[in-house]
Amino acid sequence: MVTKIVIDRTLQFLKEMVQKAVVTIDGQDSIVSLHSQEIVKDTVKTYVYLENGHGHVSAAKLIDAQGIELDRYTTTIEPSEDGLMIVFTLSVILKGELQV
């Protein structure tokens, strides 16, 4: 069985990989800073907040330091005068094997 430290370090590694978000608003990609992140059980949650008065949101993605896309969320959110919180969840299930 995989030990707790392996799971904890894997989750921390995933959390640290995410550097920014790119959100498509009215057909234009905008770089958005991460609002916050947390590790809850076996999941890394990354929160991206759009200020009041955003346009039509069609996609959001998480990007690492090398510009590699880590996760994508495709949606249709109509323009609003209110803020918008987008939550990404990356869950990990690690399995160990007994070798004889």
# chains A, B, ... in the order shown; residues from 1 in each chain; ligands from 1
>>> select_by_dssp(residues="chain A", states="strand (DSSP E)", output="number ranges by chain")
A: 20-25, 28-32, 36-40, 43-50, 57-63, 69-77, 84-91
>>> residues_around(residues="Ile77 (chain A)", least_positions_apart="2", cutoff="9 Å", atoms="only C-alpha atoms", output="number ranges by chain")
A: 55-58, 75, 79-80
>>> write_last_selection(atoms="N, CA and C atoms", output="PDB file, in the first residue's frame")
ATOM      1  N   GLY A  55     -17.570  39.231 -19.135  1.00  0.00           N
ATOM      2  CA  GLY A  55     -18.341  38.938 -20.339  1.00  0.00           C
ATOM      3  C   GLY A  55     -18.691  37.466 -20.424  1.00  0.00           C
ATOM      4  N   HIS A  56     -18.998  36.983 -21.645  1.00  0.00           N
ATOM      5  CA  HIS A  56     -19.356  35.588 -21.884  1.00  0.00           C
ATOM      6  C   HIS A  56     -18.124  34.704 -21.698  1.00  0.00           C
ATOM      7  N   VAL A  57     -18.186  33.774 -20.750  1.00  0.00           N
ATOM      8  CA  VAL A  57     -17.078  32.868 -20.465  1.00  0.00           C
ATOM      9  C   VAL A  57     -17.342  31.542 -21.163  1.00  0.00           C
ATOM     10  N   SER A  58     -16.391  31.105 -21.997  1.00  0.00           N
ATOM     11  CA  SER A  58     -16.579  29.844 -22.728  1.00  0.00           C
ATOM     12  C   SER A  58     -15.582  28.760 -22.337  1.00  0.00           C
ATOM     13  N   THR A  75     -17.340  25.609 -20.906  1.00  0.00           N
ATOM     14  CA  THR A  75     -18.633  25.974 -20.343  1.00  0.00           C
ATOM     15  C   THR A  75     -19.297  27.052 -21.187  1.00  0.00           C
ATOM     16  N   PRO A  79     -22.743  36.694 -19.756  1.00  0.00           N
ATOM     17  CA  PRO A  79     -22.197  37.892 -19.115  1.00  0.00           C
ATOM     18  C   PRO A  79     -22.981  38.240 -17.848  1.00  0.00           C
ATOM     19  N   SER A  80     -22.256  38.801 -16.889  1.00  0.00           N
ATOM     20  CA  SER A  80     -22.890  39.135 -15.621  1.00  0.00           C
ATOM     21  C   SER A  80     -22.186  40.328 -14.990  1.00  0.00           C
TER      22      SER A  80
END
>>> closest_residue(among="A:Leu84, A:Arg72, A:Ala60, A:Thr89", to="Gly27 (chain A)", atoms="only C-alpha atoms")
A:Ala60
>>> residues_around(residues="Val44 (chain A)", least_positions_apart="4", cutoff="8 Å", atoms="only C-alpha atoms", output="CSV table (one decimal) with C-alpha atoms, in the first residue's frame")
chain,number,residue,atom,x,y,z
A,11,LEU,CA,-0.8,16.4,-3.9
A,14,LEU,CA,0.2,19.0,-8.2
A,15,LYS,CA,-0.7,22.1,-6.2
A,37,GLN,CA,-5.6,26.7,-3.6
A,38,GLU,CA,-6.2,24.1,-1.0
A,39,ILE,CA,-5.7,20.4,-0.5
A,40,VAL,CA,-8.8,18.6,0.7
A,89,THR,CA,-10.5,19.9,-8.8
A,90,LEU,CA,-7.6,17.5,-9.4
A,91,SER,CA,-8.1,14.2,-7.5
>>> residues_around(residues="Ser30 (chain A)", least_positions_apart="5", cutoff="10 Å", atoms="only C-alpha atoms", output="number ranges by chain")
A: 21-25, 60
>>> write_last_selection(atoms="N, CA and C atoms", output="mmCIF file, in the first residue's frame")
data_model
loop_
_atom_site.group_PDB
_atom_site.id
_atom_site.type_symbol
_atom_site.label_atom_id
_atom_site.label_comp_id
_atom_site.auth_asym_id
_atom_site.auth_seq_id
_atom_site.Cartn_x
_atom_site.Cartn_y
_atom_site.Cartn_z
ATOM 1 N N ALA A 21 -4.127 30.806 -14.572
ATOM 2 C CA ALA A 21 -5.300 30.354 -15.325
ATOM 3 C C ALA A 21 -5.430 31.216 -16.577
ATOM 4 N N VAL A 22 -5.959 30.620 -17.614
ATOM 5 C CA VAL A 22 -6.315 31.362 -18.828
ATOM 6 C C VAL A 22 -7.809 31.154 -19.020
ATOM 7 N N VAL A 23 -8.541 32.259 -19.036
ATOM 8 C CA VAL A 23 -10.001 32.210 -19.165
ATOM 9 C C VAL A 23 -10.391 32.885 -20.471
ATOM 10 N N THR A 24 -11.240 32.200 -21.253
ATOM 11 C CA THR A 24 -11.724 32.767 -22.511
ATOM 12 C C THR A 24 -12.996 33.563 -22.227
ATOM 13 N N ILE A 25 -12.886 34.892 -22.398
ATOM 14 C CA ILE A 25 -14.004 35.799 -22.138
ATOM 15 C C ILE A 25 -14.285 36.559 -23.423
ATOM 16 N N ALA A 60 -11.982 27.809 -19.453
ATOM 17 C CA ALA A 60 -10.957 28.182 -18.484
ATOM 18 C C ALA A 60 -9.982 27.023 -18.415
#
>>> residues_around(residues="Gln19 (chain A)", least_positions_apart="4", cutoff="12 Å", atoms="only C-alpha atoms", output="list in words")
Phe13, Leu14, Lys15, Ile31, Val32, Ser33, Leu34, His35, Ser36, Gln37, Thr46, Tyr47, Val48, Lys61, Leu62, Ile63, Asp64, Ala65, Gln66, Gly67, Ile68, Glu69, Leu70 and Asp71 of chain A
>>> atom_distance(atom1="CA of Glu16 (chain A)", atom2="CA of Gly83 (chain A)")
25.5 Å
>>> decode(residues="region 22-37 of chain A", atoms="N, CA and C atoms", output="short mmCIF file (atom, residue, chain, number, x, y, z; two decimals), in the first residue's frame")
data_model
loop_
_atom_site.label_atom_id
_atom_site.label_comp_id
_atom_site.auth_asym_id
_atom_site.auth_seq_id
_atom_site.Cartn_x
_atom_site.Cartn_y
_atom_site.Cartn_z
N VAL A 22 -5.96 30.62 -17.61
CA VAL A 22 -6.31 31.36 -18.83
C VAL A 22 -7.81 31.15 -19.02
N VAL A 23 -8.54 32.26 -19.04
CA VAL A 23 -10.00 32.21 -19.17
C VAL A 23 -10.39 32.89 -20.47
N THR A 24 -11.24 32.20 -21.25
CA THR A 24 -11.72 32.77 -22.51
C THR A 24 -13.00 33.56 -22.23
N ILE A 25 -12.89 34.89 -22.40
CA ILE A 25 -14.00 35.80 -22.14
C ILE A 25 -14.28 36.56 -23.42
N ASP A 26 -15.50 36.45 -23.92
CA ASP A 26 -15.90 37.09 -25.18
C ASP A 26 -14.94 36.73 -26.32
N GLY A 27 -14.51 35.46 -26.34
CA GLY A 27 -13.65 34.97 -27.41
C GLY A 27 -12.18 35.31 -27.28
N GLN A 28 -11.80 36.04 -26.22
CA GLN A 28 -10.41 36.44 -26.01
C GLN A 28 -9.83 35.75 -24.78
N ASP A 29 -8.62 35.19 -24.92
CA ASP A 29 -7.97 34.57 -23.77
C ASP A 29 -7.38 35.64 -22.86
N SER A 30 -7.68 35.52 -21.57
CA SER A 30 -7.16 36.45 -20.57
C SER A 30 -6.44 35.66 -19.49
N ILE A 31 -5.23 36.09 -19.13
CA ILE A 31 -4.50 35.46 -18.04
C ILE A 31 -5.09 35.98 -16.73
N VAL A 32 -5.42 35.04 -15.85
CA VAL A 32 -6.04 35.39 -14.57
C VAL A 32 -5.21 34.76 -13.45
N SER A 33 -4.90 35.54 -12.44
CA SER A 33 -4.17 35.02 -11.28
C SER A 33 -5.06 34.04 -10.51
N LEU A 34 -4.41 33.12 -9.83
CA LEU A 34 -5.16 32.18 -8.99
C LEU A 34 -5.66 32.92 -7.76
N HIS A 35 -6.90 32.67 -7.39
CA HIS A 35 -7.46 33.27 -6.18
C HIS A 35 -6.90 32.57 -4.95
N SER A 36 -6.97 31.23 -4.96
CA SER A 36 -6.43 30.44 -3.85
C SER A 36 -6.39 28.97 -4.25
N GLN A 37 -5.72 28.18 -3.42
CA GLN A 37 -5.65 26.74 -3.61
C GLN A 37 -5.71 26.08 -2.24
#
